[in-house]
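Quick look at query-v1.pdb (PDB, C-alpha atoms):
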ATOM      1  CA  MET A   1      47.001 -27.029 -59.712
ATOM      2  CA  ARG A   2      47.104 -23.926 -57.523
ATOM      3  CA  ALA A   3      48.388 -23.957 -53.962
ATOM      4  CA  LEU A   4      49.649 -21.685 -51.220
ATOM      5  CA  VAL A   5      53.354 -22.317 -50.712
ATOM      6  CA  VAL A   6      55.854 -21.174 -48.104
ATOM      7  CA  ASP A   7      57.488 -17.846 -48.966
ATOM      8  CA  HIS A   8      60.496 -16.738 -46.913
ATOM      9  CA  SER A   9      60.724 -13.331 -48.614
ATOM     10  CA  GLU A  10      59.374 -10.070 -47.206
ATOM     11  CA  ALA A  11      56.267 -10.611 -49.326
ATOM     12  CA  GLY A  12      55.499 -13.863 -47.424
ATOM     13  CA  PRO A  13      54.622 -15.860 -45.416
ATOM     14  CA  VAL A  14      52.771 -17.594 -48.283
ATOM     15  CA  ARG A  15      52.228 -17.049 -51.996
ATOM     16  CA  PHE A  16      50.290 -18.739 -54.765
ATOM     17  CA  ALA A  17      52.123 -21.135 -57.045
ATOM     18  CA  ASP A  18      51.364 -23.801 -59.627
ATOM     19  CA  VAL A  19      52.420 -27.173 -58.219
ATOM     20  CA  ASP A  20      52.268 -30.781 -59.326
ATOM     21  CA  GLU A  21      49.106 -32.761 -58.750
ATOM     22  CA  PRO A  22      49.363 -35.005 -55.661
ATOM     23  CA  VAL A  23      49.841 -38.708 -56.279
ATOM     24  CA  PRO A  24      48.146 -40.648 -53.452
ATOM     25  CA  SER A  25      49.804 -43.755 -52.046
ATOM     26  CA  THR A  26      47.707 -46.892 -51.555
ATOM     27  CA  GLY A  27      46.829 -45.687 -48.054
ATOM     28  CA  GLU A  28      45.847 -42.121 -48.986
ATOM     29  CA  ALA A  29      42.628 -40.543 -50.208
ATOM     30  CA  LEU A  30      42.518 -37.723 -52.741
ATOM     31  CA  VAL A  31      40.515 -34.792 -51.383
ATOM     32  CA  GLU A  32      39.292 -31.809 -53.371
ATOM     33  CA  ILE A  33      39.691 -28.881 -50.992
ATOM     34  CA  ARG A  34      36.821 -26.394 -50.669
ATOM     35  CA  HIS A  35      37.935 -24.421 -47.608
ATOM     36  CA  ILE A  36      41.194 -23.872 -45.706
ATOM     37  CA  GLY A  37      41.670 -22.907 -42.065
ATOM     38  CA  LEU A  38      44.520 -20.524 -41.228
ATOM     39  CA  ASN A  39      46.423 -20.793 -37.952
ATOM     40  CA  PHE A  40      48.625 -18.135 -36.366
ATOM     41  CA  GLY A  41      51.470 -20.518 -35.577
ATOM     42  CA  GLU A  42      52.021 -21.976 -39.031
ATOM     43  CA  LEU A  43      52.065 -18.462 -40.514
ATOM     44  CA  ASN A  44      54.067 -16.690 -37.832
ATOM     45  CA  TYR A  45      56.746 -19.406 -37.673
ATOM     46  CA  VAL A  46      56.881 -20.101 -41.395
ATOM     47  CA  HIS A  47      60.702 -20.311 -41.269
ATOM     48  CA  GLN A  48      60.267 -23.805 -39.815
ATOM     49  CA  TRP A  49      59.095 -25.084 -43.228
ATOM     50  CA  PRO A  50      61.119 -25.179 -46.479
ATOM     51  CA  ALA A  51      60.531 -22.430 -49.028
ATOM     52  CA  GLY A  52      58.240 -23.491 -51.854
ATOM     53  CA  ALA A  53      56.554 -26.306 -49.924
ATOM     54  CA  VAL A  54      52.761 -26.460 -50.044
ATOM     55  CA  HIS A  55      51.789 -25.063 -46.653
ATOM     56  CA  GLY A  56      48.924 -25.503 -44.235
ATOM     57  CA  HIS A  57      47.475 -28.270 -42.104
ATOM     58  CA  ASP A  58      43.714 -27.680 -41.796
ATOM     59  CA  ALA A  59      41.059 -27.756 -44.499
ATOM     60  CA  ALA A  60      37.781 -29.331 -45.563
ATOM     61  CA  GLY A  61      36.567 -30.761 -48.834
ATOM     62  CA  ILE A  62      35.208 -33.756 -50.733
ATOM     63  CA  VAL A  63      36.860 -37.148 -51.202
ATOM     64  CA  VAL A  64      37.213 -37.559 -54.979
ATOM     65  CA  ARG A  65      39.160 -40.816 -54.819
ATOM     66  CA  ALA A  66      39.114 -43.189 -51.864
ATOM     67  CA  ALA A  67      42.306 -44.836 -50.639
ATOM     68  CA  SER A  68      43.017 -47.789 -52.910
ATOM     69  CA  ASP A  69      43.680 -50.099 -49.953
ATOM     70  CA  GLY A  70      40.031 -49.768 -48.946
ATOM     71  CA  SER A  71      40.668 -47.702 -45.805
ATOM     72  CA  GLY A  72      38.908 -44.462 -45.023
ATOM     73  CA  PRO A  73      35.770 -42.805 -46.387
ATOM     74  CA  PRO A  74      34.415 -43.490 -49.888
ATOM     75  CA  ALA A  75      34.404 -41.021 -52.757
ATOM     76  CA  GLY A  76      31.836 -38.281 -52.321
ATOM     77  CA  THR A  77      32.256 -38.026 -48.539
ATOM     78  CA  ARG A  78      32.534 -34.530 -47.076
ATOM     79  CA  VAL A  79      35.581 -34.470 -44.795
ATOM     80  CA  ALA A  80      37.515 -32.268 -42.412
ATOM     81  CA  VAL A  81      41.298 -32.405 -42.770
ATOM     82  CA  GLY A  82      43.160 -31.853 -39.525
ATOM     83  CA  MET A  83      46.881 -31.439 -38.816
ATOM     84  CA  ALA A  84      47.740 -32.946 -42.199
ATOM     85  CA  PRO A  85      50.669 -31.614 -44.274
ATOM     86  CA  HIS A  86      50.272 -29.650 -47.525
ATOM     87  CA  ALA A  87      46.570 -28.937 -46.996
ATOM     88  CA  TRP A  88      46.355 -25.500 -48.643
ATOM     89  CA  ALA A  89      45.975 -26.665 -52.218
ATOM     90  CA  GLU A  90      43.179 -27.433 -54.645
ATOM     91  CA  ARG A  91      43.703 -31.153 -54.094
ATOM     92  CA  VAL A  92      45.465 -33.048 -51.315
ATOM     93  CA  ALA A  93      46.566 -36.651 -50.820
ATOM     94  CA  VAL A  94      45.936 -37.425 -47.179
ATOM     95  CA  SER A  95      45.836 -40.406 -44.861
ATOM     96  CA  PRO A  96      42.316 -41.346 -43.708
ATOM     97  CA  ALA A  97      43.710 -41.197 -40.159
ATOM     98  CA  SER A  98      43.746 -37.397 -40.516
ATOM     99  CA  LEU A  99      40.172 -37.151 -41.810
ATOM    100  CA  GLY A 100      36.822 -36.795 -40.129
ATOM    101  CA  ALA A 101      33.563 -37.347 -42.010
ATOM    102  CA  VAL A 102      31.402 -34.218 -41.797
ATOM    103  CA  PRO A 103      27.857 -35.052 -40.664
ATOM    104  CA  GLU A 104      24.733 -33.769 -42.377
ATOM    105  CA  GLY A 105      23.872 -30.299 -41.139
ATOM    106  CA  VAL A 106      27.458 -29.220 -40.397
ATOM    107  CA  ASP A 107      28.761 -26.511 -42.717
ATOM    108  CA  LEU A 108      31.869 -27.676 -44.558
ATOM    109  CA  ALA A 109      33.513 -24.285 -43.935
ATOM    110  CA  ASP A 110      32.954 -24.682 -40.193
ATOM    111  CA  ALA A 111      34.586 -28.105 -40.383
ATOM    112  CA  ALA A 112      37.710 -26.465 -41.836
ATOM    113  CA  ALA A 113      38.066 -24.481 -38.603
ATOM    114  CA  LEU A 114      38.583 -27.595 -36.464
ATOM    115  CA  GLY A 115      42.023 -29.147 -37.032
ATOM    116  CA  ILE A 116      44.692 -27.581 -34.856
ATOM    117  CA  ALA A 117      42.340 -25.162 -33.096
ATOM    118  CA  GLY A 118      39.821 -27.805 -32.062
ATOM    119  CA  VAL A 119      41.923 -30.919 -31.578
ATOM    120  CA  THR A 120      44.554 -29.172 -29.424
ATOM    121  CA  PRO A 121      42.203 -28.093 -26.594
ATOM    122  CA  LEU A 122      40.258 -31.357 -26.790
ATOM    123  CA  ARG A 123      43.430 -33.358 -26.183
ATOM    124  CA  VAL A 124      44.592 -31.081 -23.360
ATOM    125  CA  LEU A 125      41.234 -30.938 -21.598
ATOM    126  CA  ARG A 126      40.932 -34.717 -21.700
ATOM    127  CA  THR A 127      44.028 -35.130 -19.536
ATOM    128  CA  ARG A 128      41.996 -34.852 -16.323
ATOM    129  CA  SER A 129      38.453 -34.680 -14.999
ATOM    130  CA  LEU A 130      37.172 -31.099 -15.206
ATOM    131  CA  LEU A 131      33.858 -31.468 -13.406
ATOM    132  CA  ALA A 132      33.547 -28.576 -10.921
ATOM    133  CA  ARG A 133      37.204 -27.669 -11.519
ATOM    134  CA  ASN A 134      38.569 -24.159 -12.109
ATOM    135  CA  VAL A 135      40.015 -23.854 -15.617
ATOM    136  CA  LEU A 136      41.821 -20.839 -17.049
ATOM    137  CA  ILE A 137      41.989 -20.297 -20.818
ATOM    138  CA  THR A 138      44.476 -17.620 -21.895
ATOM    139  CA  GLY A 139      44.237 -16.000 -25.300
ATOM    140  CA  ALA A 140      40.587 -16.999 -25.163
ATOM    141  CA  SER A 141      39.536 -14.811 -28.100
ATOM    142  CA  GLY A 142      41.617 -16.815 -30.587
ATOM    143  CA  GLY A 143      40.683 -19.977 -32.439
ATOM    144  CA  VAL A 144      42.079 -22.401 -29.852
ATOM    145  CA  GLY A 145      40.660 -20.260 -27.061
ATOM    146  CA  HIS A 146      37.134 -20.202 -28.460
ATOM    147  CA  PHE A 147      37.054 -23.982 -28.757
ATOM    148  CA  ALA A 148      38.714 -24.435 -25.356
ATOM    149  CA  VAL A 149      36.116 -22.303 -23.559
ATOM    150  CA  GLN A 150      33.270 -24.319 -25.071
ATOM    151  CA  LEU A 151      34.835 -27.718 -24.436
ATOM    152  CA  ALA A 152      35.798 -26.928 -20.840
ATOM    153  CA  ALA A 153      32.275 -25.698 -20.134
ATOM    154  CA  LEU A 154      30.805 -28.862 -21.708
ATOM    155  CA  ALA A 155      33.001 -30.904 -19.353
ATOM    156  CA  GLY A 156      31.521 -29.153 -16.327
ATOM    157  CA  ALA A 157      34.398 -26.813 -15.505
ATOM    158  CA  ARG A 158      34.175 -23.331 -14.037
ATOM    159  CA  VAL A 159      35.784 -21.457 -16.914
ATOM    160  CA  THR A 160      37.761 -18.233 -16.698
ATOM    161  CA  ALA A 161      38.621 -16.681 -20.069
ATOM    162  CA  LEU A 162      41.564 -14.276 -20.213
ATOM    163  CA  VAL A 163      41.795 -11.866 -23.159
ATOM    164  CA  GLY A 164      44.100  -9.023 -24.137
ATOM    165  CA  SER A 165      41.519  -6.221 -24.165
ATOM    166  CA  PRO A 166      37.836  -5.590 -23.378
ATOM    167  CA  GLU A 167      37.089  -5.529 -27.107
ATOM    168  CA  ARG A 168      38.207  -9.155 -27.415
ATOM    169  CA  ALA A 169      35.853 -10.355 -24.686
ATOM    170  CA  ALA A 170      32.745 -10.318 -26.893
ATOM    171  CA  GLY A 171      30.777 -13.550 -27.011
ATOM    172  CA  LEU A 172      32.889 -15.585 -24.588
ATOM    173  CA  ARG A 173      30.258 -15.713 -21.842
ATOM    174  CA  GLU A 174      27.754 -17.001 -24.385
ATOM    175  CA  LEU A 175      30.216 -19.790 -25.215
ATOM    176  CA  GLY A 176      30.372 -20.881 -21.574
ATOM    177  CA  ALA A 177      32.898 -18.675 -19.768
ATOM    178  CA  ASP A 178      31.874 -17.937 -16.169
ATOM    179  CA  LYS A 179      34.359 -15.054 -15.964
ATOM    180  CA  VAL A 180      36.061 -12.977 -18.644
ATOM    181  CA  LEU A 181      39.165 -11.066 -17.540
ATOM    182  CA  THR A 182      41.723  -8.790 -19.137
ATOM    183  CA  ASP A 183      44.175  -9.102 -16.227
ATOM    184  CA  LEU A 184      44.843 -12.139 -14.072
ATOM    185  CA  THR A 185      45.158  -9.929 -10.994
ATOM    186  CA  GLU A 186      41.404  -9.331 -11.271
ATOM    187  CA  THR A 187      40.716 -12.696  -9.616
ATOM    188  CA  ALA A 188      41.908 -14.552  -6.529
ATOM    189  CA  ASP A 189      40.836 -17.915  -7.959
ATOM    190  CA  ARG A 190      43.257 -20.835  -8.002
ATOM    191  CA  PHE A 191      43.165 -22.932 -11.139
ATOM    192  CA  ASP A 192      43.339 -26.698 -11.479
ATOM    193  CA  LEU A 193      44.211 -26.490 -15.164
ATOM    194  CA  VAL A 194      45.533 -23.664 -17.314
ATOM    195  CA  LEU A 195      45.502 -23.895 -21.109
ATOM    196  CA  ASP A 196      47.951 -21.217 -22.227
ATOM    197  CA  THR A 197      48.280 -20.002 -25.806
ATOM    198  CA  VAL A 198      50.169 -16.784 -25.020
ATOM    199  CA  GLY A 199      53.432 -17.648 -23.269
ATOM    200  CA  GLY A 200      55.787 -14.977 -21.926
ATOM    201  CA  PRO A 201      55.273 -13.297 -18.537
ATOM    202  CA  LEU A 202      51.707 -14.593 -18.397
ATOM    203  CA  VAL A 203      52.983 -18.118 -17.717
ATOM    204  CA  ALA A 204      54.708 -16.950 -14.527
ATOM    205  CA  GLN A 205      51.527 -15.133 -13.479
ATOM    206  CA  ALA A 206      49.443 -18.223 -14.122
ATOM    207  CA  TRP A 207      51.891 -20.317 -12.103
ATOM    208  CA  SER A 208      51.229 -18.080  -9.110
ATOM    209  CA  SER A 209      47.498 -18.757  -9.549
ATOM    210  CA  LEU A 210      47.852 -22.528  -9.925
ATOM    211  CA  ALA A 211      46.172 -24.724  -7.329
ATOM    212  CA  GLU A 212      47.948 -27.625  -5.643
ATOM    213  CA  GLY A 213      48.125 -30.511  -8.093
ATOM    214  CA  GLY A 214      47.354 -28.181 -10.981
ATOM    215  CA  THR A 215      48.960 -28.123 -14.409
ATOM    216  CA  ILE A 216      49.729 -25.424 -16.945
ATOM    217  CA  HIS A 217      49.578 -26.787 -20.489
ATOM    218  CA  LEU A 218      51.644 -24.706 -22.913
ATOM    219  CA  VAL A 219      50.040 -24.946 -26.365
ATOM    220  CA  GLY A 220      51.331 -21.724 -27.935
ATOM    221  CA  TYR A 221      53.460 -18.630 -27.455
ATOM    222  CA  SER A 222      51.745 -15.904 -29.451
ATOM    223  CA  SER A 223      53.326 -13.169 -27.307
ATOM    224  CA  GLY A 224      56.807 -14.090 -28.526
ATOM    225  CA  GLN A 225      58.133 -13.058 -25.121
ATOM    226  CA  GLU A 226      60.349 -14.920 -22.694
ATOM    227  CA  THR A 227      59.096 -16.292 -19.389
ATOM    228  CA  THR A 228      61.034 -15.463 -16.218
ATOM    229  CA  PHE A 229      60.087 -16.967 -12.855
ATOM    230  CA  PRO A 230      60.980 -14.828  -9.820
ATOM    231  CA  SER A 231      63.318 -16.488  -7.368
ATOM    232  CA  GLY A 232      61.584 -19.002  -5.118
ATOM    233  CA  THR A 233      58.312 -19.219  -7.015
ATOM    234  CA  LEU A 234      59.072 -22.703  -8.360
ATOM    235  CA  PHE A 235      59.409 -24.056  -4.826
ATOM    236  CA  GLY A 236      56.347 -25.040  -2.865
ATOM    237  CA  PHE A 237      54.767 -27.432  -0.384
ATOM    238  CA  GLY A 238      51.715 -29.609  -0.946
ATOM    239  CA  GLU A 239      50.679 -31.616  -3.964
ATOM    240  CA  PRO A 240      53.089 -30.980  -6.838
ATOM    241  CA  ARG A 241      52.195 -28.511  -9.559
ATOM    242  CA  SER A 242      53.463 -28.961 -13.102
ATOM    243  CA  ILE A 243      54.045 -27.332 -16.475
ATOM    244  CA  ALA A 244      53.399 -29.513 -19.516
ATOM    245  CA  THR A 245      54.466 -28.856 -23.084
ATOM    246  CA  TYR A 246      52.303 -29.796 -26.048
ATOM    247  CA  GLY A 247      53.335 -31.088 -29.432
ATOM    248  CA  ASP A 248      51.039 -34.007 -30.168
ATOM    249  CA  MET A 249      51.124 -34.606 -33.912
ATOM    250  CA  THR A 250      49.499 -38.052 -33.894
ATOM    251  CA  PRO A 251      46.608 -38.617 -36.342
ATOM    252  CA  THR A 252      43.546 -36.519 -35.609
ATOM    253  CA  GLY A 253      40.724 -38.555 -37.165
ATOM    254  CA  GLY A 254      39.236 -39.707 -33.862
ATOM    255  CA  GLU A 255      39.172 -36.232 -32.331
ATOM    256  CA  LEU A 256      37.807 -34.676 -35.517
ATOM    257  CA  THR A 257      34.975 -37.200 -35.466
ATOM    258  CA  ASP A 258      34.179 -36.352 -31.835
ATOM    259  CA  LEU A 259      34.258 -32.605 -32.476
ATOM    260  CA  LEU A 260      32.113 -32.906 -35.598
ATOM    261  CA  GLY A 261      29.630 -34.967 -33.605
ATOM    262  CA  LEU A 262      29.360 -32.183 -31.022
ATOM    263  CA  MET A 263      28.836 -29.652 -33.818
ATOM    264  CA  ALA A 264      26.115 -31.792 -35.404
ATOM    265  CA  ALA A 265      24.364 -32.002 -32.025
ATOM    266  CA  GLY A 266      24.462 -28.220 -31.653
ATOM    267  CA  ARG A 267      26.749 -28.382 -28.620
ATOM    268  CA  LEU A 268      29.838 -26.867 -30.238
ATOM    269  CA  SER A 269      30.107 -23.937 -32.630
ATOM    270  CA  ALA A 270      32.927 -23.035 -34.978
ATOM    271  CA  PRO A 271      34.559 -19.711 -34.058
ATOM    272  CA  VAL A 272      34.912 -18.326 -37.595
ATOM    273  CA  GLY A 273      35.793 -14.660 -37.178
ATOM    274  CA  LEU A 274      36.844 -14.013 -40.776
ATOM    275  CA  ARG A 275      35.555 -15.734 -43.908
ATOM    276  CA  GLY A 276      36.650 -14.903 -47.436
ATOM    277  CA  ASP A 277      38.145 -16.135 -50.700
ATOM    278  CA  TRP A 278      41.651 -17.576 -50.649
ATOM    279  CA  GLN A 279      42.655 -14.998 -53.244
ATOM    280  CA  GLY A 280      42.517 -12.555 -50.320
ATOM    281  CA  VAL A 281      44.942 -14.566 -48.199
ATOM    282  CA  ASP A 282      47.354 -11.624 -47.792
ATOM    283  CA  ASP A 283      44.641  -9.470 -46.208
ATOM    284  CA  ALA A 284      43.571 -12.376 -44.023
ATOM    285  CA  VAL A 285      47.143 -12.923 -42.793
ATOM    286  CA  ARG A 286      47.504  -9.235 -41.970
ATOM    287  CA  ALA A 287      44.252  -9.280 -40.009
ATOM    288  CA  LEU A 288      45.379 -12.380 -38.111
ATOM    289  CA  PHE A 289      48.737 -10.817 -37.213
ATOM    290  CA  ALA A 290      47.050  -7.546 -36.215
ATOM    291  CA  ARG A 291      44.828  -9.527 -33.826
ATOM    292  CA  THR A 292      41.655  -8.054 -35.278
ATOM    293  CA  VAL A 293      40.149 -11.499 -35.846
ATOM    294  CA  HIS A 294      38.109 -13.069 -33.054
ATOM    295  CA  GLY A 295      38.397 -16.784 -33.609
ATOM    296  CA  LYS A 296      39.406 -18.559 -36.807
ATOM    297  CA  VAL A 297      40.126 -17.482 -40.363
ATOM    298  CA  VAL A 298      38.485 -19.716 -42.997
ATOM    299  CA  LEU A 299      39.045 -19.092 -46.709
ATOM    300  CA  ASP A 300      37.073 -20.554 -49.610
ATOM    301  CA  VAL A 301      39.102 -22.250 -52.338
ATOM    302  CA  ALA A 302      37.774 -20.899 -55.628
TER     303      ALA A 302
END

Exercise: express the given structure as structure tokens:
Amino acid sequence: MRALVVDHSEAGPVRFADVDEPVPSTGEALVEIRHIGLNFGELNYVHQWPAGAVHGHDAAGIVVRAASDGSGPPAGTRVAVGMAPHAWAERVAVSPASLGAVPEGVDLADAAALGIAGVTPLRVLRTRSLLARNVLITGASGGVGHFAVQLAALAGARVTALVGSPERAAGLRELGADKVLTDLTETADRFDLVLDTVGGPLVAQAWSSLAEGGTIHLVGYSSGQETTFPSGTLFGFGEPRSIATYGDMTPTGGELTDLLGLMAAGRLSAPVGLRGDWQGVDDAVRALFARTVHGKVVLDVA
């Protein structure tokens, strides 16, 4: 079968290859993949995976063989695959714990956009009550950012979306952002929670805007820059502030089910900014790296 595998050469980060058919264990379902969801991190930091390995974590498709131990959805079920290894292939053996059944009325391609980009902000935003709280989402025009803005607004937060340029601000107010900024100095607000996808100097700026008892959750570092805190800024009186890392790789089935339920109810939309055939993956990767995509990249598996 065909798959996208890790390529460490200059032609990378991925290439097509013929690979062996997956052989599901007793606790795995066999899923025929119809769409894959690309993420900046897994492509930009491809050196963290071995060359030649089937890449990717997010996809959507149809269960063609249920897990033989009786767990998980039956054959014929439309499913989202989230944070599962080796997902960018024509067929994938995957644990039911990493699957979410796609409800009637939800586009299967939209379901492929969930995974990392949807589950990550859901897990972070569930760490505290957000009702009437000030929440800052950095890198809000990306896939994680688009979902984060919507989910924070659904939870009753006052949402500030921070983007890199005015051109990347389009549509964020419609998704629930109360303010859309291109520079954090444009506001005097203090934030109870910051979901940061950018890293670098922006983290130090966000720290200066953090309210007492607030937390910055670091979920990405797309800037690739180092963070330096000026002397004395990490000292303070009042309720402690904190910086939390993120690396939760536990099974995503429960969160996928919740997110798909919100989509079916019309309360959450998939931020698909680029849709195409997976044969055009090289162009899609270039667009993602050039930051010309607002939201997620979803490719159809032909």

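Restricting the calculation to all atoms listed in the file, the smallest distance between A:Val106 and any of A:Val293, A:Ala59, A:Val14, A:Ala270 is found for A:Ala270.
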
Selected by the PyMOL selection byres ((chain A and resi 196) around 10) in the shown coordinates: which residues, as a VMD selection string? chain A and resid 121 136 to 140 144 to 145 162 193 to 195 197 to 199 202 to 203 206 216 to 222

Of the candidates A:Ser9, A:Ser269, A:Ser208, A:Thr227, which one gets nearest to A:Ser242 if we count all atoms listed in the file?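 For A:Ser242, the nearest of the candidates is A:Ser208.
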
Selected residue, from A:Arg267, A:Phe237, A:Gly70, A:Phe40, that lies nearest to A:Arg291 when counting only C-alpha atoms: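 Going through A:Arg267, A:Phe237, A:Gly70, A:Phe40 one by one, the smallest distance to A:Arg291 is for A:Phe40.
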
Quick one: contact table of stretch 89-166 of chain A to stretch 247-264 of chain A, 9 Å max, nearest atom pair and distance in Å to one decimal per residue, counting all atoms listed in the file, chain and number order, as JSON lines?
{"residue": "A:Ser95", "atom": "CA", "partner": "A:Pro251", "partner_atom": "CA", "distance": 8.7}
{"residue": "A:Pro96", "atom": "CA", "partner": "A:Gly253", "partner_atom": "CA", "distance": 7.3}
{"residue": "A:Ala97", "atom": "CA", "partner": "A:Gly253", "partner_atom": "CA", "distance": 5.0}
{"residue": "A:Ser98", "atom": "CA", "partner": "A:Gly253", "partner_atom": "CA", "distance": 4.7}
{"residue": "A:Leu99", "atom": "CA", "partner": "A:Gly253", "partner_atom": "CA", "distance": 4.9}
{"residue": "A:Gly100", "atom": "CA", "partner": "A:Thr257", "partner_atom": "CA", "distance": 5.0}
{"residue": "A:Ala101", "atom": "CA", "partner": "A:Thr257", "partner_atom": "CA", "distance": 6.7}
{"residue": "A:Val102", "atom": "CA", "partner": "A:Leu260", "partner_atom": "CA", "distance": 6.4}
{"residue": "A:Pro103", "atom": "CA", "partner": "A:Ala264", "partner_atom": "CA", "distance": 6.4}
{"residue": "A:Glu104", "atom": "CA", "partner": "A:Ala264", "partner_atom": "CA", "distance": 7.4}
{"residue": "A:Gly105", "atom": "CA", "partner": "A:Ala264", "partner_atom": "CA", "distance": 6.3}
{"residue": "A:Val106", "atom": "CA", "partner": "A:Ala264", "partner_atom": "CA", "distance": 5.8}
{"residue": "A:Ala111", "atom": "CA", "partner": "A:Leu260", "partner_atom": "CA", "distance": 7.2}
{"residue": "A:Leu114", "atom": "CA", "partner": "A:Leu256", "partner_atom": "CA", "distance": 7.2}
{"residue": "A:Gly115", "atom": "CA", "partner": "A:Leu256", "partner_atom": "CA", "distance": 7.1}
{"residue": "A:Gly118", "atom": "CA", "partner": "A:Leu259", "partner_atom": "CA", "distance": 7.4}
{"residue": "A:Val119", "atom": "CA", "partner": "A:Glu255", "partner_atom": "CA", "distance": 6.0}
{"residue": "A:Thr120", "atom": "CA", "partner": "A:Asp248", "partner_atom": "CA", "distance": 8.1}
{"residue": "A:Leu122", "atom": "CA", "partner": "A:Glu255", "partner_atom": "CA", "distance": 7.5}
{"residue": "A:Arg123", "atom": "CA", "partner": "A:Glu255", "partner_atom": "CA", "distance": 8.0}

Expanded to explicit residues, what is the PyMOL selection byres ((chain A and resi 109) around 9) for this file, as number ranges by chain? A: 34-37, 59-61, 106-108, 110-113, 272, 275, 298-300

Using only C-alpha atoms for the distances, tell me which of A:Val46, A:Ala67, A:Val6, A:Pro271 is nearest to A:Phe147.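 Smallest separation from A:Phe147 among the options: A:Pro271.
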
Please list as a ChimeraX atom specification every residue within 10 Å of A:Val92, counting only C-alpha atoms and excluding residues in the same chain fewer than 6 positions away. /A:3,21-24,28-33,54,59,61,63,81,84-86

Which one is closest to A:Glu10: A:His47, A:Arg158, A:Ala265, A:Ala169? Count all atoms listed in the file. A:His47

Can you work out the spacing between atom CA of A:His55 and atom CA of A:Ala87 in Å, to one decimal?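 Pair atom CA of A:His55 / atom CA of A:Ala87 returns 6.5 Å.
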
What does the PyMOL selection byres ((chain A and resi 214) around 10) select in this file, as a PyMOL selection string? chain A and resi 134-135+190-194+207+209-213+215-217+239-243

Interatomic distance (Å, one decimal) between atom CA of A:Glu167 and atom CA of A:Leu43: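 These two atoms are separated by 23.9 Å.
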
Just give me the gap between atom CA of A:Ile62 and atom CA of A:Val285 in Å, one decimal is fine.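 Atom CA of A:Val285 lies at a distance of 25.3 Å from atom CA of A:Ile62.
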
9 Å contact set for A:Asn39, only C-alpha atoms, chain neighbours under 4 positions out, as a list in words: Leu43, Asn44, Gly56, His57, Asp58, Ile116, Ala117, Gly143, Leu288, Lys296 and Val297 of chain A

Box dimensions and centre (Å, one decimal) enclosing stretch 1-15 of chain A, axis-aligned, 5 Å extra per side, as lines of an AutoDock Vina configuration file:
center_x = 53.9
center_y = -18.5
center_z = -52.6
size_x = 23.7
size_y = 27.0
size_z = 24.3
